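K.L.:
Sharing a structure, written as C-alpha cells. Questions coming.
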Amino acid sequence: MVSLRDMFGGSEGEGFLGVPFADPEAPEGDVVIMGADCATPYLSVGAYCAGGPAAVRAGAAAYAGHMGKYNFDIDGPVIAEGVAVRDLGDLPVDPEDAEGNRALIRAVTGRVLAAGGIPVLLGGDDSLPTPMVQAYADRGPLHILQIDAHIDWRDTVEGESWGLSSTMRRMSEMEHVAGIVQVGQRGIGSATAAEVAAARDWGATLIPAQALDCGGIVQAISAIPVGADVVVCLDWDGLDPAIMPGVIAPTAGGLSYRELMALVGGVAARARLVGVAMVEFMPEADRDGAGALTAGQAAALLVGMIAQQCARHGDKSA
Ligand SMILES: [Mn+2]
C-alpha cells in the first residue's frame, strides 16, 4: 500500500519520526524515546495496550523524513537544530512479571536521566508512569501534569496497588512529587467521591473537562509553579474520542487537539518539561488508524517542544 511516508521520503528501520535508535543499556541523546507495552497489568484485562508504542510510531511514520520541515504545532522545525533525539525501541516487558517490568522502567529511565536526557515514554497502559516517575527520586521537587478522563486515585484494584487506576495516588506518596495538576476528568469513571476527596485533600488541582470552556486551560497552567520541573502524564483518553478513538473507555467531552497544544505549550513556556509519558493507546480500539495519527502528531508536538527547550537552555549533548 502506498503511504504518506513514501511520498515524504521516510524509510523502515528507523525509530520514532525516523530518529536513530540507541542502546537502552547506554542511552544517549537529549530527548530519549522508549516504548513499553505494559508494566503492571490487572488480571481481569491483561496487557490490553500491547502494540500501542508500535501503533503510535506508525502514526508518526508519515512524518519520518520530514525532519527538515516546519512543524506549525511548535512554530519551528520538527526537531530544533543541534538537539539529539534518540529512540530506544520497545523495552522487553513481560505481562507475567510486573515487578520486573517496573524495575526495568525505573532502571532505563534512571539511565536516561543520568546521561542528561529527557525521557519520553510511549505506552502501554497507565501503570507505566508510576515506575518512570520513581526514577526521579533524587530530582525533586517534581510537578505532575496529568491529562486524563480519570483521576487514577484508587488505592488498590483487584488487590493490586501498582495498576493503572492507582497511578496518581502512588505518585502522591512519592516524597519528590510536590504537586499534581489533573485535567480532563469527565463522565462516570472509576473514581468514588472518597477518591476525589483524597486527591483534593492531598492538594491536587482537578480541572474537569466541564471547566475547559471556562478558563480551565489557563487555570491548569497557572497551577504549575513558574520554573517547576514537570512530568507530563498524558492518557490518550484525556483527548476527545472524536480525535482519539483508540482507547479502552472513550468518553465524550475530552480535550481537543488545540486545547492540548495550548495546555502543554503554556506549561512549557512557564516551567521545564523533564519527562513525558503517553499511555493507554489500544490498537484494537482504534478506527482506521485515526487515533494513531493523532497520537503521532501529539507525540511529535511534545518531542519537538522538549527539543526546543533543550536548544534554548543549551542543555544538549549533540
Ligand atoms: Mn484514563
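Identifiers for the C-alpha cells are assigned positionally: chains receive A, B, ... in sequence, residues are indexed from 1 per chain, and ligands are indexed from 1 in the order shown.
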Go through the chains and note each residue within 8 Å of ligand 1, using only C-alpha atoms and all ligand atoms, then give the set as an MDAnalysis selection string.

P.N.:
chainID A and resid 126 148:152 165 235:238 249 280

K.L.:
Could you give me, as a PDB file with N, CA, C and O atoms, in the first residue's frame, the residues within 12 Å of A:Glu96, counting only C-alpha atoms and dropping anything in the same chain fewer than 5 positions from it?

P.N.:
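Heads up, here's the output in selection-v2.pdb:
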```pdb
ATOM      1  N   CYS A  38       3.463  -2.665  28.604  1.00  0.00           N
ATOM      2  CA  CYS A  38       2.763  -2.738  29.896  1.00  0.00           C
ATOM      3  C   CYS A  38       3.779  -2.671  31.023  1.00  0.00           C
ATOM      4  O   CYS A  38       4.981  -2.785  30.796  1.00  0.00           O
ATOM      5  N   ALA A  39       3.259  -2.468  32.232  1.00  0.00           N
ATOM      6  CA  ALA A  39       4.096  -2.590  33.428  1.00  0.00           C
ATOM      7  C   ALA A  39       3.404  -3.540  34.399  1.00  0.00           C
ATOM      8  O   ALA A  39       3.872  -4.646  34.642  1.00  0.00           O
ATOM      9  N   THR A  40       2.269  -3.089  34.940  1.00  0.00           N
ATOM     10  CA  THR A  40       1.548  -3.876  35.947  1.00  0.00           C
ATOM     11  C   THR A  40       0.112  -4.103  35.493  1.00  0.00           C
ATOM     12  O   THR A  40      -0.797  -3.408  35.949  1.00  0.00           O
ATOM     13  N   PRO A  41      -0.112  -5.039  34.580  1.00  0.00           N
ATOM     14  CA  PRO A  41      -1.484  -5.247  34.085  1.00  0.00           C
ATOM     15  C   PRO A  41      -2.367  -5.869  35.156  1.00  0.00           C
ATOM     16  O   PRO A  41      -1.898  -6.651  35.987  1.00  0.00           O
ATOM     17  N   TYR A  42      -3.676  -5.499  35.158  1.00  0.00           N
ATOM     18  CA  TYR A  42      -4.640  -6.177  36.021  1.00  0.00           C
ATOM     19  C   TYR A  42      -4.942  -7.562  35.435  1.00  0.00           C
ATOM     20  O   TYR A  42      -4.971  -7.737  34.214  1.00  0.00           O
ATOM     21  N   LEU A  43      -5.190  -8.518  36.326  1.00  0.00           N
ATOM     22  CA  LEU A  43      -5.503  -9.875  35.875  1.00  0.00           C
ATOM     23  C   LEU A  43      -6.742  -9.899  34.980  1.00  0.00           C
ATOM     24  O   LEU A  43      -6.826 -10.640  34.014  1.00  0.00           O
ATOM     25  N   GLY A  46      -5.541  -7.840  31.526  1.00  0.00           N
ATOM     26  CA  GLY A  46      -4.233  -8.135  30.935  1.00  0.00           C
ATOM     27  C   GLY A  46      -3.591  -6.919  30.279  1.00  0.00           C
ATOM     28  O   GLY A  46      -3.956  -5.776  30.551  1.00  0.00           O
ATOM     29  N   ALA A  47      -2.637  -7.200  29.400  1.00  0.00           N
ATOM     30  CA  ALA A  47      -1.873  -6.117  28.746  1.00  0.00           C
ATOM     31  C   ALA A  47      -2.615  -5.653  27.496  1.00  0.00           C
ATOM     32  O   ALA A  47      -2.166  -5.842  26.371  1.00  0.00           O
ATOM     33  N   ASN A 101       9.048  -5.670  35.277  1.00  0.00           N
ATOM     34  CA  ASN A 101       8.756  -4.564  34.353  1.00  0.00           C
ATOM     35  C   ASN A 101       9.015  -3.217  35.028  1.00  0.00           C
ATOM     36  O   ASN A 101       9.609  -2.313  34.445  1.00  0.00           O
ATOM     37  N   ARG A 102       8.526  -3.117  36.283  1.00  0.00           N
ATOM     38  CA  ARG A 102       8.697  -1.841  36.988  1.00  0.00           C
ATOM     39  C   ARG A 102      10.183  -1.544  37.216  1.00  0.00           C
ATOM     40  O   ARG A 102      10.641  -0.405  37.054  1.00  0.00           O
TER      41      ARG A 102
END
```

K.L.:
Enter the distance from atom CA of A:Gly89 to atom CA of A:Gly15, in Å, rounded to one decimal.

P.N.:
6.8 Å

K.L.:
Could you find all residues in stretch 24-256 of chain A that DSSP calls alpha helix (DSSP H) from the backbone, and write them as a ChimeraX atom specification?

P.N.:
/A:52-60,98-114,129-134,167-172,193-202,216-222

K.L.:
Please provide as a PDB file with N, CA and C atoms, in the first residue's frame all residues within 10 Å of A:Val112, with the sequence filter that same-chain residues fewer than 4 positions apart are discarded (counting only C-alpha atoms).

P.N.:
```pdb
ATOM      1  N   PRO A  24      19.406   0.827  25.001  1.00  0.00           N
ATOM      2  CA  PRO A  24      18.814   1.044  26.333  1.00  0.00           C
ATOM      3  C   PRO A  24      19.816   0.833  27.474  1.00  0.00           C
ATOM      4  N   GLU A  25      20.893   0.084  27.212  1.00  0.00           N
ATOM      5  CA  GLU A  25      21.908  -0.140  28.253  1.00  0.00           C
ATOM      6  C   GLU A  25      22.769   1.105  28.454  1.00  0.00           C
ATOM      7  N   ALA A  26      22.952   1.869  27.393  1.00  0.00           N
ATOM      8  CA  ALA A  26      23.772   3.080  27.473  1.00  0.00           C
ATOM      9  C   ALA A  26      23.108   4.173  26.658  1.00  0.00           C
ATOM     10  N   PRO A  27      21.930   4.646  27.113  1.00  0.00           N
ATOM     11  CA  PRO A  27      21.159   5.586  26.298  1.00  0.00           C
ATOM     12  C   PRO A  27      21.813   6.957  26.215  1.00  0.00           C
ATOM     13  N   GLU A  28      21.971   7.427  25.000  1.00  0.00           N
ATOM     14  CA  GLU A  28      22.489   8.774  24.790  1.00  0.00           C
ATOM     15  C   GLU A  28      21.393   9.594  24.124  1.00  0.00           C
ATOM     16  N   GLY A  29      21.554  10.901  24.163  1.00  0.00           N
ATOM     17  CA  GLY A  29      20.596  11.774  23.492  1.00  0.00           C
ATOM     18  C   GLY A  29      20.009  12.794  24.445  1.00  0.00           C
ATOM     19  N   ASP A  30      19.553  13.896  23.883  1.00  0.00           N
ATOM     20  CA  ASP A  30      18.921  14.958  24.681  1.00  0.00           C
ATOM     21  C   ASP A  30      17.470  14.605  24.989  1.00  0.00           C
ATOM     22  N   VAL A  31      16.800  14.012  24.015  1.00  0.00           N
ATOM     23  CA  VAL A  31      15.417  13.567  24.179  1.00  0.00           C
ATOM     24  C   VAL A  31      15.412  12.088  23.807  1.00  0.00           C
ATOM     25  N   VAL A  32      14.988  11.243  24.725  1.00  0.00           N
ATOM     26  CA  VAL A  32      15.135   9.798  24.515  1.00  0.00           C
ATOM     27  C   VAL A  32      13.774   9.112  24.632  1.00  0.00           C
ATOM     28  N   ILE A  33      13.347   8.552  23.505  1.00  0.00           N
ATOM     29  CA  ILE A  33      12.036   7.908  23.425  1.00  0.00           C
ATOM     30  C   ILE A  33      12.185   6.425  23.753  1.00  0.00           C
ATOM     31  N   ALA A 107      14.921   1.525  35.868  1.00  0.00           N
ATOM     32  CA  ALA A 107      16.345   1.484  35.536  1.00  0.00           C
ATOM     33  C   ALA A 107      16.633   2.252  34.246  1.00  0.00           C
ATOM     34  N   VAL A 108      15.836   2.017  33.222  1.00  0.00           N
ATOM     35  CA  VAL A 108      16.115   2.683  31.937  1.00  0.00           C
ATOM     36  C   VAL A 108      15.868   4.190  32.052  1.00  0.00           C
ATOM     37  N   GLY A 116      21.780  12.740  31.149  1.00  0.00           N
ATOM     38  CA  GLY A 116      21.394  14.106  30.795  1.00  0.00           C
ATOM     39  C   GLY A 116      20.260  14.194  29.799  1.00  0.00           C
ATOM     40  N   GLY A 117      19.602  13.067  29.546  1.00  0.00           N
ATOM     41  CA  GLY A 117      18.498  13.069  28.584  1.00  0.00           C
ATOM     42  C   GLY A 117      17.151  13.282  29.248  1.00  0.00           C
ATOM     43  N   ILE A 118      16.160  13.605  28.444  1.00  0.00           N
ATOM     44  CA  ILE A 118      14.778  13.748  28.912  1.00  0.00           C
ATOM     45  C   ILE A 118      13.979  12.572  28.356  1.00  0.00           C
ATOM     46  N   PRO A 119      13.439  11.728  29.246  1.00  0.00           N
ATOM     47  CA  PRO A 119      12.727  10.527  28.796  1.00  0.00           C
ATOM     48  C   PRO A 119      11.326  10.830  28.258  1.00  0.00           C
ATOM     49  N   VAL A 120      10.991  10.158  27.174  1.00  0.00           N
ATOM     50  CA  VAL A 120       9.646  10.233  26.597  1.00  0.00           C
ATOM     51  C   VAL A 120       9.166   8.796  26.397  1.00  0.00           C
ATOM     52  N   ALA A 135      11.839   7.024  39.212  1.00  0.00           N
ATOM     53  CA  ALA A 135      13.246   7.208  38.838  1.00  0.00           C
ATOM     54  C   ALA A 135      13.734   8.642  39.039  1.00  0.00           C
TER      55      ALA A 135
END
```

K.L.:
Show which residues sit within 9 Å of A:Leu302, as a list in words. Count only C-alpha atoms, and ignore same-chain residues fewer than 5 positions away.

P.N.:
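My reading of the contact set: Ile74, Val120, Met261, Val264, Gly265, Val276, Gln297 and Ala307 of chain A.
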
K.L.:
Compile the contact shell of stretch 210-213 of chain A as a ChimeraX atom specification: residues with an atom at most 8 Å away, counting only C-alpha atoms, same-chain residues fewer than 2 positions apart removed.

P.N.:
/A:184,186,207-208,215-217,253,255

K.L.:
Produce a file of the selected residues containing N, CA, C and O atoms, as a CSV table (one decimal), in the first residue's frame.

P.N.:
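Result written to result-v1.csv:
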```csv
chain,number,residue,atom,x,y,z
A,184,GLY,N,-9.1,17.2,32.6
A,184,GLY,CA,-9.9,16.4,31.6
A,184,GLY,C,-10.9,15.4,32.2
A,184,GLY,O,-11.5,14.6,31.5
A,186,ARG,N,-14.1,13.5,33.4
A,186,ARG,CA,-15.5,13.7,32.9
A,186,ARG,C,-16.2,12.3,32.9
A,186,ARG,O,-15.6,11.3,33.0
A,207,ILE,N,-9.0,19.9,37.3
A,207,ILE,CA,-9.7,20.7,36.3
A,207,ILE,C,-10.5,19.8,35.4
A,207,ILE,O,-10.0,19.2,34.4
A,208,PRO,N,-11.8,19.6,35.8
A,208,PRO,CA,-12.6,18.7,35.0
A,208,PRO,C,-12.9,19.3,33.6
A,208,PRO,O,-12.7,20.5,33.3
A,215,GLY,N,-12.1,28.8,31.0
A,215,GLY,CA,-10.8,29.1,31.5
A,215,GLY,C,-10.0,28.0,32.1
A,215,GLY,O,-9.0,28.2,32.8
A,216,GLY,N,-10.4,26.8,31.9
A,216,GLY,CA,-9.7,25.6,32.6
A,216,GLY,C,-8.3,25.5,32.2
A,216,GLY,O,-7.4,25.1,33.0
A,217,ILE,N,-8.0,25.7,30.9
A,217,ILE,CA,-6.6,25.6,30.4
A,217,ILE,C,-5.7,26.6,31.2
A,217,ILE,O,-4.6,26.2,31.6
A,253,GLY,N,-16.5,14.5,25.4
A,253,GLY,CA,-16.2,15.8,26.1
A,253,GLY,C,-14.8,16.0,26.4
A,253,GLY,O,-14.4,16.9,27.2
A,255,LEU,N,-10.5,16.7,25.7
A,255,LEU,CA,-9.7,17.8,25.2
A,255,LEU,C,-9.6,17.8,23.7
A,255,LEU,O,-9.5,16.7,23.1
```

K.L.:
From stretch 61-251 of chain A, collect each residue whose DSSP state is strand (DSSP E or B) and return the set as number ranges by chain.

P.N.:
A: 70-71, 76-77, 85-90, 118-123, 142-147, 157, 160, 177-183, 205-207, 229-235, 239

K.L.:
Could you tell me how far atom CA of A:Arg170 lies from atom CA of A:Val157, in Å and to one decimal?

P.N.:
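Rounded to one decimal, the two atoms are 12.8 Å apart.
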
K.L.:
Using only C-alpha atoms, which protein or nucleic acid residues come within 12 Å of A:Asp288? Drop anything in the same chain fewer than 2 positions from it, and give the result as a PDB file with N, CA, C and O atoms, in the first residue's frame.

P.N.:
```pdb
ATOM      1  N   ALA A  55       1.988   1.209  17.321  1.00  0.00           N
ATOM      2  CA  ALA A  55       0.928   1.929  16.602  1.00  0.00           C
ATOM      3  C   ALA A  55       1.194   3.431  16.578  1.00  0.00           C
ATOM      4  O   ALA A  55       0.944   4.099  15.572  1.00  0.00           O
ATOM      5  N   GLY A  59       1.798   5.796  13.458  1.00  0.00           N
ATOM      6  CA  GLY A  59       1.031   7.024  13.246  1.00  0.00           C
ATOM      7  C   GLY A  59       1.918   8.209  12.927  1.00  0.00           C
ATOM      8  O   GLY A  59       1.525   9.123  12.196  1.00  0.00           O
ATOM      9  N   ILE A 243     -11.258  12.525  18.101  1.00  0.00           N
ATOM     10  CA  ILE A 243      -9.914  12.521  17.509  1.00  0.00           C
ATOM     11  C   ILE A 243      -9.062  11.384  18.052  1.00  0.00           C
ATOM     12  O   ILE A 243      -7.988  11.121  17.531  1.00  0.00           O
ATOM     13  N   MET A 244      -9.512  10.728  19.121  1.00  0.00           N
ATOM     14  CA  MET A 244      -8.737   9.651  19.740  1.00  0.00           C
ATOM     15  C   MET A 244      -9.645   8.464  20.093  1.00  0.00           C
ATOM     16  O   MET A 244     -10.006   8.251  21.252  1.00  0.00           O
ATOM     17  N   PRO A 245     -10.019   7.682  19.074  1.00  0.00           N
ATOM     18  CA  PRO A 245     -10.868   6.525  19.353  1.00  0.00           C
ATOM     19  C   PRO A 245     -10.108   5.335  19.962  1.00  0.00           C
ATOM     20  O   PRO A 245     -10.751   4.438  20.515  1.00  0.00           O
ATOM     21  N   GLY A 246      -8.774   5.329  19.902  1.00  0.00           N
ATOM     22  CA  GLY A 246      -8.005   4.132  20.253  1.00  0.00           C
ATOM     23  C   GLY A 246      -7.757   3.949  21.728  1.00  0.00           C
ATOM     24  O   GLY A 246      -6.612   3.790  22.164  1.00  0.00           O
ATOM     25  N   PRO A 283      -4.479  -0.452  20.302  1.00  0.00           N
ATOM     26  CA  PRO A 283      -4.581  -0.562  18.837  1.00  0.00           C
ATOM     27  C   PRO A 283      -5.898  -1.153  18.362  1.00  0.00           C
ATOM     28  O   PRO A 283      -6.478  -0.664  17.390  1.00  0.00           O
ATOM     29  N   GLU A 284      -6.422  -2.168  19.046  1.00  0.00           N
ATOM     30  CA  GLU A 284      -7.628  -2.830  18.523  1.00  0.00           C
ATOM     31  C   GLU A 284      -8.883  -1.967  18.656  1.00  0.00           C
ATOM     32  O   GLU A 284      -9.896  -2.239  18.021  1.00  0.00           O
ATOM     33  N   ALA A 285      -8.811  -0.904  19.484  1.00  0.00           N
ATOM     34  CA  ALA A 285      -9.953   0.002  19.611  1.00  0.00           C
ATOM     35  C   ALA A 285      -9.897   1.142  18.600  1.00  0.00           C
ATOM     36  O   ALA A 285     -10.865   1.872  18.428  1.00  0.00           O
ATOM     37  N   ASP A 286      -8.752   1.296  17.939  1.00  0.00           N
ATOM     38  CA  ASP A 286      -8.604   2.417  17.009  1.00  0.00           C
ATOM     39  C   ASP A 286      -9.498   2.214  15.782  1.00  0.00           C
ATOM     40  O   ASP A 286      -9.894   1.085  15.472  1.00  0.00           O
ATOM     41  N   ALA A 290      -7.073   6.366  12.829  1.00  0.00           N
ATOM     42  CA  ALA A 290      -7.282   7.799  13.105  1.00  0.00           C
ATOM     43  C   ALA A 290      -6.643   8.209  14.435  1.00  0.00           C
ATOM     44  O   ALA A 290      -6.002   9.259  14.536  1.00  0.00           O
ATOM     45  N   GLY A 291      -6.830   7.372  15.459  1.00  0.00           N
ATOM     46  CA  GLY A 291      -6.251   7.689  16.757  1.00  0.00           C
ATOM     47  C   GLY A 291      -4.730   7.659  16.713  1.00  0.00           C
ATOM     48  O   GLY A 291      -4.059   8.471  17.349  1.00  0.00           O
ATOM     49  N   ALA A 292      -4.177   6.713  15.947  1.00  0.00           N
ATOM     50  CA  ALA A 292      -2.714   6.615  15.841  1.00  0.00           C
ATOM     51  C   ALA A 292      -2.137   7.867  15.181  1.00  0.00           C
ATOM     52  O   ALA A 292      -1.063   8.348  15.572  1.00  0.00           O
ATOM     53  N   LEU A 293      -2.846   8.424  14.204  1.00  0.00           N
ATOM     54  CA  LEU A 293      -2.380   9.665  13.566  1.00  0.00           C
ATOM     55  C   LEU A 293      -2.368  10.810  14.572  1.00  0.00           C
ATOM     56  O   LEU A 293      -1.413  11.583  14.651  1.00  0.00           O
ATOM     57  N   THR A 294      -3.448  10.919  15.361  1.00  0.00           N
ATOM     58  CA  THR A 294      -3.499  11.953  16.413  1.00  0.00           C
ATOM     59  C   THR A 294      -2.358  11.747  17.405  1.00  0.00           C
ATOM     60  O   THR A 294      -1.676  12.701  17.792  1.00  0.00           O
TER      61      THR A 294
END
```
